[in-house]
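Asks: One file: target27.cif (mmCIF, C-alpha atoms).
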data_coords
loop_
_atom_site.label_atom_id
_atom_site.label_comp_id
_atom_site.auth_asym_id
_atom_site.auth_seq_id
_atom_site.Cartn_x
_atom_site.Cartn_y
_atom_site.Cartn_z
CA MET A 1 129.93 167.22 135.61
CA LYS A 2 128.09 166.42 132.42
CA LEU A 3 124.49 165.22 132.45
CA ASN A 4 122.07 164.16 129.78
CA ILE A 5 118.49 164.47 130.94
CA TYR A 6 115.19 163.37 129.44
CA ARG A 7 112.96 166.36 128.83
CA PHE A 8 109.28 166.29 128.01
CA ASP A 9 106.71 169.00 128.40
CA PRO A 10 103.24 167.90 127.25
CA GLU A 11 102.05 171.51 127.20
CA ARG A 12 104.53 172.39 124.45
CA GLY A 13 103.55 169.44 122.32
CA ASP A 14 107.16 168.69 121.29
CA PRO A 15 108.32 165.08 121.30
CA PRO A 16 110.56 164.02 124.22
CA ARG A 17 114.25 164.88 123.85
CA MET A 18 117.53 164.48 125.73
CA GLN A 19 119.07 167.72 126.96
CA ALA A 20 122.78 168.09 127.79
CA TYR A 21 123.76 169.97 130.94
CA GLU A 22 127.00 170.81 132.64
CA VAL A 23 127.16 171.72 136.28
CA GLN A 24 129.97 171.95 138.81
CA PRO A 25 129.38 170.20 142.11
CA GLU A 26 130.39 172.26 145.11
CA ALA A 27 131.94 171.21 148.38
CA GLY A 28 129.46 169.06 150.25
CA ASP A 29 127.69 167.82 147.14
CA LYS A 30 127.81 164.07 147.62
CA LYS A 31 124.69 162.73 145.99
CA LEU A 32 123.06 163.02 142.60
CA LEU A 33 120.17 164.92 144.14
CA ASP A 34 122.58 167.67 145.28
CA LEU A 35 123.66 168.06 141.69
CA LEU A 36 120.07 168.12 140.44
CA MET A 37 119.19 170.85 142.93
CA ARG A 38 122.11 172.90 141.61
CA LEU A 39 120.91 172.28 138.10
CA ARG A 40 117.49 173.60 139.04
CA VAL A 41 119.10 176.97 139.72
CA GLN A 42 120.51 176.90 136.18
CA ASP A 43 117.27 175.76 134.56
CA ASP A 44 114.13 176.13 136.62
CA SER A 45 112.02 174.39 133.99
CA LEU A 46 113.61 171.03 134.85
CA SER A 47 111.06 168.99 136.78
CA PHE A 48 111.61 166.13 139.19
CA ARG A 49 110.15 165.01 142.50
CA ARG A 50 112.08 165.16 145.74
CA SER A 51 111.25 165.55 149.36
CA CYS A 52 113.16 164.02 152.25
CA ARG A 53 116.54 163.82 150.46
CA GLU A 54 117.59 160.85 152.60
CA GLY A 55 116.02 157.73 151.04
CA VAL A 56 112.89 157.63 153.15
CA CYS A 57 110.16 159.22 151.05
CA GLY A 58 111.01 157.46 147.80
CA SER A 59 109.91 160.37 145.62
CA ASP A 60 113.13 160.93 143.63
CA ALA A 61 113.21 157.51 141.96
CA MET A 62 114.52 157.73 138.40
CA ASN A 63 116.53 155.83 135.86
CA ILE A 64 120.17 156.72 136.43
CA ASN A 65 122.62 155.54 133.76
CA GLY A 66 120.22 152.76 132.82
CA ARG A 67 119.48 151.62 136.37
CA ASN A 68 116.59 152.66 138.59
CA GLY A 69 117.58 154.30 141.82
CA LEU A 70 116.98 157.16 144.20
CA ALA A 71 118.87 160.34 143.29
CA CYS A 72 119.32 161.12 146.99
CA LEU A 73 121.05 157.79 147.69
CA THR A 74 123.18 157.68 144.54
CA SER A 75 126.72 158.87 145.19
CA LEU A 76 128.31 161.15 142.61
CA ASP A 77 131.54 159.19 142.97
CA GLY A 78 131.68 156.44 140.43
CA LEU A 79 128.84 157.72 138.26
CA LYS A 80 129.86 157.46 134.64
CA GLU A 81 129.62 160.74 132.69
CA PRO A 82 127.55 161.98 131.07
CA ILE A 83 125.07 160.92 133.72
CA VAL A 84 122.00 159.86 131.75
CA LEU A 85 118.76 160.51 133.62
CA ARG A 86 115.42 159.23 132.42
CA PRO A 87 112.02 158.83 134.09
CA LEU A 88 111.14 155.42 135.56
CA PRO A 89 110.77 153.08 132.56
CA GLY A 90 107.31 151.78 131.74
CA PHE A 91 105.49 154.52 133.66
CA PRO A 92 103.54 157.26 131.84
CA VAL A 93 105.54 160.50 131.91
CA ILE A 94 103.83 163.58 133.27
CA ARG A 95 106.76 165.92 132.71
CA ASP A 96 110.55 165.46 132.51
CA LEU A 97 111.49 163.00 135.29
CA ILE A 98 108.05 162.99 136.88
CA VAL A 99 105.94 159.91 136.20
CA ASP A 100 102.30 159.07 136.79
CA MET A 101 102.13 156.56 139.65
CA THR A 102 98.34 156.22 139.76
CA GLN A 103 98.35 152.61 138.58
CA PHE A 104 101.24 151.68 140.85
CA PHE A 105 99.32 152.91 143.89
CA ALA A 106 96.10 151.30 142.66
CA HIS A 107 97.92 147.94 142.76
CA TYR A 108 99.22 148.78 146.23
CA HIS A 109 95.69 149.58 147.34
CA SER A 110 94.35 146.33 145.83
CA ILE A 111 96.38 144.18 148.23
CA LYS A 112 94.67 145.90 151.20
CA PRO A 113 97.78 147.28 152.83
CA TRP A 114 96.40 147.38 156.35
CA LEU A 115 95.99 144.88 159.16
CA ILE A 116 92.74 142.94 159.00
CA ASN A 117 91.71 141.45 162.32
CA ASP A 118 88.11 141.21 163.41
CA ALA A 119 88.87 139.76 166.83
CA PRO A 120 87.81 141.99 169.72
CA LEU A 121 90.42 144.62 170.47
CA PRO A 122 92.64 143.72 173.38
CA GLU A 123 92.86 146.10 176.30
CA ARG A 124 96.25 147.29 175.11
CA GLU A 125 98.03 146.56 171.79
CA ARG A 126 98.11 143.25 169.89
CA LEU A 127 101.35 141.70 171.00
CA GLN A 128 103.91 139.89 168.87
CA SER A 129 106.75 137.67 169.98
CA PRO A 130 110.23 138.76 168.86
CA THR A 131 110.23 135.88 166.34
CA GLU A 132 106.89 136.98 164.88
CA ARG A 133 108.18 140.52 164.64
CA GLU A 134 111.36 139.33 162.91
CA ARG A 135 109.28 137.89 160.06
CA LEU A 136 108.46 141.44 159.01
CA ASP A 137 112.12 142.40 158.59
CA GLY A 138 112.96 143.01 154.98
CA LEU A 139 109.30 143.72 154.25
CA TYR A 140 108.15 146.70 156.29
CA GLU A 141 111.06 148.86 155.12
CA CYS A 142 109.63 149.29 151.59
CA ILE A 143 109.15 152.98 150.82
CA LEU A 144 107.07 152.48 147.63
CA CYS A 145 109.56 154.32 145.42
CA ALA A 146 108.64 152.00 142.49
CA CYS A 147 112.27 151.40 141.47
CA CYS A 148 111.56 147.65 141.48
CA SER A 149 108.26 147.62 139.61
CA ALA A 150 109.64 150.04 137.01
CA PHE A 151 112.57 147.70 136.40
CA CYS A 152 110.46 144.55 136.07
CA PRO A 153 109.86 143.38 132.48
CA SER A 154 106.74 141.49 133.58
CA TYR A 155 105.38 144.77 134.95
CA TRP A 156 106.25 146.57 131.73
CA TRP A 157 104.20 144.08 129.69
CA ASN A 158 101.16 143.89 131.99
CA PRO A 159 101.18 147.00 134.20
CA ASP A 160 97.40 146.98 134.44
CA LYS A 161 97.05 143.39 135.68
CA PHE A 162 100.34 142.30 137.31
CA ILE A 163 100.61 143.69 140.84
CA GLY A 164 104.36 144.07 140.48
CA PRO A 165 107.20 143.36 142.90
CA SER A 166 106.50 146.30 145.18
CA GLY A 167 102.82 145.47 145.66
CA LEU A 168 103.60 141.78 146.14
CA LEU A 169 106.27 142.53 148.74
CA GLN A 170 103.71 144.64 150.56
CA ALA A 171 101.14 141.85 150.21
CA TYR A 172 103.53 139.39 151.83
CA ARG A 173 104.25 141.90 154.58
CA PHE A 174 100.62 141.46 155.71
CA ILE A 175 100.45 137.72 155.04
CA ALA A 176 103.51 137.29 157.26
CA ASP A 177 102.11 139.46 160.04
CA SER A 178 100.97 137.36 163.02
CA ARG A 179 98.37 140.02 163.91
CA ASP A 180 96.63 139.76 160.53
CA THR A 181 93.86 137.17 160.24
CA ALA A 182 93.04 137.54 156.53
CA SER A 183 95.91 135.51 155.04
CA ALA A 184 93.51 133.10 153.33
CA GLU A 185 91.60 135.91 151.62
CA ARG A 186 94.85 137.63 150.67
CA LEU A 187 96.17 134.39 149.11
CA ASP A 188 92.86 133.83 147.30
CA PHE A 189 93.20 137.27 145.76
CA LEU A 190 96.81 136.70 144.69
CA ASP A 191 96.29 133.22 143.19
CA ASP A 192 95.81 134.54 139.70
CA VAL A 193 97.71 134.11 136.47
CA TYR A 194 98.20 137.88 136.23
CA ARG A 195 98.32 139.30 139.74
CA LEU A 196 101.06 137.00 141.06
CA TYR A 197 102.10 134.51 138.42
CA ARG A 198 103.29 137.02 135.84
CA CYS A 199 106.47 137.08 137.94
CA ARG A 200 109.08 135.15 136.01
CA THR A 201 111.75 135.36 138.74
CA ILE A 202 113.83 137.75 136.65
CA MET A 203 114.96 139.30 139.96
CA ASN A 204 115.58 142.79 138.58
CA CYS A 205 113.52 143.96 141.55
CA THR A 206 115.94 142.58 144.11
CA GLU A 207 118.90 143.76 142.04
CA VAL A 208 117.70 147.34 141.93
CA CYS A 209 115.95 147.98 145.28
CA PRO A 210 117.61 151.06 146.81
CA LYS A 211 116.67 149.84 150.28
CA GLY A 212 118.33 146.45 149.73
CA LEU A 213 115.08 144.49 150.02
CA SER A 214 114.21 141.36 148.09
CA PRO A 215 110.75 141.45 146.50
CA SER A 216 111.56 138.24 144.59
CA HIS A 217 112.10 136.45 147.89
CA ALA A 218 108.74 137.73 149.15
CA ILE A 219 107.07 136.56 145.93
CA GLU A 220 108.62 133.12 146.40
CA ARG A 221 107.24 133.03 149.95
CA ILE A 222 103.75 133.86 148.64
CA ARG A 223 104.00 131.02 146.10
CA LEU A 224 105.13 128.63 148.82
CA ALA A 225 102.30 129.76 151.10
CA LEU A 226 99.84 129.04 148.26
CA LEU A 227 101.46 125.66 147.71
CA ARG A 228 101.29 124.75 151.41
CA ARG A 229 97.66 125.79 151.52
CA SER A 230 96.64 123.64 148.56
CA SER A 231 98.61 120.54 149.60
CA MET B 1 87.99 126.04 136.41
CA ARG B 2 89.51 129.21 135.05
CA LEU B 3 90.97 129.13 131.58
CA PHE B 4 94.24 130.69 132.70
CA ASP B 5 95.06 129.11 136.00
CA GLY B 6 97.75 130.55 138.20
CA GLN B 7 99.14 128.07 140.67
CA ARG B 8 98.42 124.84 138.79
CA ALA B 9 100.26 126.03 135.68
CA TRP B 10 103.18 127.18 137.81
CA LEU B 11 103.33 123.77 139.46
CA VAL B 12 103.06 121.91 136.15
CA GLN B 13 105.91 124.00 134.78
CA ARG B 14 108.19 123.16 137.69
CA ILE B 15 107.35 119.45 137.92
CA SER B 16 107.72 118.98 134.16
CA ALA B 17 111.04 120.87 134.27
CA LEU B 18 112.32 118.51 136.95
CA LEU B 19 111.18 115.45 134.98
CA LEU B 20 112.80 116.78 131.81
CA LEU B 21 116.02 117.60 133.62
CA VAL B 22 116.31 114.15 135.19
CA MET B 23 115.41 112.31 131.97
CA ILE B 24 117.64 114.39 129.71
CA VAL B 25 120.65 114.24 132.03
CA PHE B 26 120.16 110.53 132.61
CA GLY B 27 119.65 109.93 128.89
CA VAL B 28 122.79 111.81 127.88
CA LEU B 29 124.87 110.12 130.57
CA ALA B 30 123.53 106.68 129.63
CA LEU B 31 124.15 107.13 125.91
CA PRO B 32 127.88 106.16 125.87
CA PHE B 33 127.03 102.91 127.70
CA ALA B 34 124.13 101.98 125.45
CA PRO B 35 124.56 99.42 122.66
CA PRO B 36 124.67 100.88 119.12
CA LEU B 37 121.29 102.53 118.65
CA ASP B 38 120.00 101.58 115.24
CA PHE B 39 116.35 101.54 114.18
CA ALA B 40 115.74 98.04 115.51
CA ALA B 41 117.27 98.89 118.89
CA TRP B 42 115.17 102.06 119.24
CA ARG B 43 112.08 100.11 118.19
CA ALA B 44 112.77 97.42 120.77
CA PHE B 45 113.33 100.10 123.43
CA ALA B 46 110.15 101.98 122.55
CA GLY B 47 108.14 98.76 122.59
CA GLY B 48 109.59 97.65 125.93
CA VAL B 49 107.90 97.77 129.32
CA LEU B 50 110.23 100.55 130.49
CA GLY B 51 110.98 102.40 127.25
CA GLY B 52 107.39 103.04 126.14
CA PRO B 53 106.18 104.70 129.36
CA LEU B 54 109.49 106.62 129.63
CA ILE B 55 109.14 108.09 126.15
CA ALA B 56 105.47 108.88 126.81
CA LEU B 57 106.46 110.62 130.07
CA LEU B 58 109.24 112.53 128.33
CA PHE B 59 106.95 113.88 125.63
CA GLY B 60 104.13 114.46 128.11
CA ALA B 61 106.44 116.59 130.28
CA LEU B 62 107.86 118.33 127.21
CA CYS B 63 104.44 119.28 125.86
CA ALA B 64 103.13 120.38 129.28
CA HIS B 65 106.25 122.48 129.85
CA ALA B 66 106.08 123.97 126.38
CA TRP B 67 102.39 124.80 126.81
CA VAL B 68 102.90 126.75 130.05
CA GLY B 69 105.99 128.51 128.68
CA MET B 70 104.39 129.46 125.37
CA ARG B 71 101.19 130.50 127.14
CA ASP B 72 103.23 132.82 129.38
CA ILE B 73 104.94 134.39 126.38
CA VAL B 74 101.60 134.92 124.63
CA LEU B 75 100.01 136.43 127.78
CA ASP B 76 102.95 138.84 128.03
CA TYR B 77 103.44 139.94 124.47
CA ILE B 78 100.16 139.47 122.59
CA GLN B 79 97.48 141.78 123.95
CA PRO B 80 94.71 141.77 121.27
CA ARG B 81 92.18 139.12 122.35
CA GLY B 82 91.49 137.65 118.93
CA LEU B 83 95.12 137.25 117.97
CA ARG B 84 95.92 135.85 121.39
CA LEU B 85 93.19 133.22 121.09
CA ALA B 86 94.37 132.28 117.60
CA VAL B 87 98.02 131.89 118.62
CA LEU B 88 97.13 129.95 121.78
CA SER B 89 94.88 127.64 119.76
CA LEU B 90 97.65 127.06 117.23
CA ILE B 91 100.14 126.21 119.99
CA ALA B 92 97.64 123.88 121.66
CA VAL B 93 96.91 122.09 118.37
CA VAL B 94 100.61 121.64 117.56
CA LEU B 95 101.52 120.37 121.04
CA LEU B 96 98.49 118.07 121.22
CA GLY B 97 99.36 116.85 117.72
CA VAL B 98 102.91 116.01 118.78
CA LEU B 99 101.69 114.21 121.88
CA VAL B 100 99.01 112.20 120.06
CA ARG B 101 101.47 111.29 117.30
CA VAL B 102 104.02 110.01 119.83
CA LEU B 103 101.43 108.05 121.80
CA LEU B 104 100.02 106.50 118.61
CA SER B 105 103.51 105.47 117.49
CA LEU B 106 104.26 103.98 120.88
CA ALA B 107 101.00 102.05 120.81
CA THR B 108 101.74 100.76 117.31
CA VAL B 109 105.24 99.64 118.28
CA ALA B 110 103.95 97.99 121.45
CA LEU B 111 101.20 96.16 119.56
CA VAL B 112 103.63 94.89 116.90
CA ALA B 113 106.11 93.80 119.57
#
The structure in this file should be written as structure tokens.
Replies:
Amino acid sequence: MKLNIYRFDPERGDPPRMQAYEVQPEAGDKKLLDLLMRLRVQDDSLSFRRSCREGVCGSDAMNINGRNGLACLTSLDGLKEPIVLRPLPGFPVIRDLIVDMTQFFAHYHSIKPWLINDAPLPERERLQSPTERERLDGLYECILCACCSAFCPSYWWNPDKFIGPSGLLQAYRFIADSRDTASAERLDFLDDVYRLYRCRTIMNCTEVCPKGLSPSHAIERIRLALLRRSS
Amino acid sequence: MRLFDGQRAWLVQRISALLLLVMIVFGVLALPFAPPLDFAAWRAFAGGVLGGPLIALLFGALCAHAWVGMRDIVLDYIQPRGLRLAVLSLIAVVLLGVLVRVLLSLATVALVA
């Protein structure tokens, strides 16, 4: 199979370039990541992140034929050749397909991604009814791969101020949690022209999420929660 | 009040969009049934009890909607502070100018009528 991969090595000082590769998949190679691992044997200077190889760690997010996705979840069948691989758009490139996610995680951290509840601890765990638990479906599954934020034009324009679809989905995950008591503070923090309202409902995030989640739906729920609070 | 509000602007954008949608759709649908619209007919409509406020509402919604939309574009694409302030000021002046001009005309027509 033919591939065309973005190469950049800051240590060499050369400008980024696209490098053509050809590699034969072997029996059992089903996903793009399998092919990339084979390619690594051919050229060990090619850099990319990977870990769990089953769509749980989110580390092999990249731009595959113009669309963000996880290499480990992308089937080789149906991929148009040459397969064009680029780093996540809008993120600073560290090397080849590896991007700097510092800012992405700073946004994640800013929404306080942990349960806040100052009530005295119960003897056992804080219980939820099945309905309350169901509200977290479609939210808790986010693996922070950044496919959504790196495909969001609003995030491209204001990556330093807009929290981005991933961070906002995570924010709603805690707003929606019946065990969390800091919804008001969380909403106060989000009610900002940049942090939340840079979202223009383009819905690239939902379109591209490799886990099939809908950050745009979560963002809409945050807006409605803000609306309900102020009315 | 913050200069760049989040929720209020979002709400203004949606409410003005709804108003514009209803008025434009209604206006276009009503046009074939309206009598021939010459200058005198428009003038009578604009000076009327219903027409004047409707036109004021239409332009009010249009300017509010345009302000939020243009402001969003500027916040996205123009990063230098000075240039941003200049462009936003220009947009505000133009939109306010349009609104004031329409309101003045409506007042004139109403007074003459």
Asks: If we count only C-alpha atoms and set the cut-off at 7 Å, which residues sit around stretch 50-58 of chain B, ignoring sequence neighbours fewer than 4 positions away in its own chain? Please answer as a ChimeraX atom specification.
Replies: /B:20,45-46,62,103,106
Asks: Taking all atoms listed in the file into account, name the residue in B:Phe33, B:Tyr77, B:Phe26, B:Phe39 that is nearest to chain A.
Replies: B:Tyr77
Asks: Build an axis-aligned box that encloses every atom of stretch 7-18 of chain A listed in the file, pad it by 4 Å on each side, and report its centre and edge lengths in Å to one decimal, as JSON.
Replies:
{"center_x": 109.8, "center_y": 168.2, "center_z": 125.1, "size_x": 23.5, "size_y": 16.4, "size_z": 15.5}
Asks: Contacts of stretch 211-222 of chain A at 9 Å or less, counting all atoms listed in the file, minus same-chain residues fewer than 4 places along, as a PyMOL selection string?
Replies: chain A and resi 55+138-139+141-143+148+165-173+175+187+190+196+199+201-207+226-227
Asks: Kindly provide, as a PyMOL selection string, the residues of chain B having any atom no farther than 8 Å from an atom of chain A, counting only C-alpha atoms.
Replies: chain B and resi 4-7+10+72+76-77
Asks: Taking the file as shown, what set of residues would the PyMOL selection byres ((chain A and resi 174) around 10) give back, as a list in words?
Replies: Ile111, Lys112, Pro113, Trp114, Leu115, Ile116, Leu136, Leu139, Tyr140, Leu169, Gln170, Ala171, Tyr172, Arg173, Ile175, Ala176, Asp177, Ser178, Arg179, Asp180, Thr181, Ala182, Ser183 and Arg186 of chain A
Asks: Let me see the file: selected residues, C-alpha atoms, as a PDB file, in the coordinates of the input.
Replies:
ATOM      1  CA  ILE A 111      96.380 144.180 148.230  1.00  0.00           C
ATOM      2  CA  LYS A 112      94.670 145.900 151.200  1.00  0.00           C
ATOM      3  CA  PRO A 113      97.780 147.280 152.830  1.00  0.00           C
ATOM      4  CA  TRP A 114      96.400 147.380 156.350  1.00  0.00           C
ATOM      5  CA  LEU A 115      95.990 144.880 159.160  1.00  0.00           C
ATOM      6  CA  ILE A 116      92.740 142.940 159.000  1.00  0.00           C
ATOM      7  CA  LEU A 136     108.460 141.440 159.010  1.00  0.00           C
ATOM      8  CA  LEU A 139     109.300 143.720 154.250  1.00  0.00           C
ATOM      9  CA  TYR A 140     108.150 146.700 156.290  1.00  0.00           C
ATOM     10  CA  LEU A 169     106.270 142.530 148.740  1.00  0.00           C
ATOM     11  CA  GLN A 170     103.710 144.640 150.560  1.00  0.00           C
ATOM     12  CA  ALA A 171     101.140 141.850 150.210  1.00  0.00           C
ATOM     13  CA  TYR A 172     103.530 139.390 151.830  1.00  0.00           C
ATOM     14  CA  ARG A 173     104.250 141.900 154.580  1.00  0.00           C
ATOM     15  CA  ILE A 175     100.450 137.720 155.040  1.00  0.00           C
ATOM     16  CA  ALA A 176     103.510 137.290 157.260  1.00  0.00           C
ATOM     17  CA  ASP A 177     102.110 139.460 160.040  1.00  0.00           C
ATOM     18  CA  SER A 178     100.970 137.360 163.020  1.00  0.00           C
ATOM     19  CA  ARG A 179      98.370 140.020 163.910  1.00  0.00           C
ATOM     20  CA  ASP A 180      96.630 139.760 160.530  1.00  0.00           C
ATOM     21  CA  THR A 181      93.860 137.170 160.240  1.00  0.00           C
ATOM     22  CA  ALA A 182      93.040 137.540 156.530  1.00  0.00           C
ATOM     23  CA  SER A 183      95.910 135.510 155.040  1.00  0.00           C
ATOM     24  CA  ARG A 186      94.850 137.630 150.670  1.00  0.00           C
TER      25      ARG A 186
END
Asks: Which residues, written as a list in words, have at least one atom at most 9 Å from A:Tyr6, with only C-alpha atoms counted and residues fewer than 3 positions away on the same chain left out?
Replies: Pro16, Arg17, Met18, Gln19, Val84, Leu85, Arg86, Pro87, Asp96 and Leu97 of chain A
Asks: Here's the selection I'm unsure about, the PyMOL selection byres ((chain A and resi 35-41) around 9); applied to the file above, which residues does it give, as a PyMOL selection string?
Replies: chain A and resi 1+21-26+29-34+42-48+71+76
Asks: I'd like the residues picked by the PyMOL selection byres ((chain A and resi 61) around 7) written out as a list in words, using the chain letters and numbers from the file.
Replies: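 On the file shown, the PyMOL selection byres ((chain A and resi 61) around 7) covers Gly58, Ser59, Asp60, Met62, Asn68, Gly69, Leu70, Ala71, Cys145 and Cys147 of chain A.
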Asks: May I have the protein, DNA and RNA residues with any atom at most 12 Å from the point (97.0, 126.1, 121.2), counting all atoms listed in the file, written as a PyMOL selection string?
Replies: chain B and resi 63-64+66-71+74+83-98
Asks: Go ahead and compute the interatomic distance for atom CA of B:Ser16 and atom CA of B:Ala61, in Å to one decimal.
Replies: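 Computing it gives 4.7 Å between the two atoms.
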Asks: When you draw a straight line from atom CA of A:Leu79 to atom CA of A:Val56, how long is it in Å?
Replies: 21.8 Å
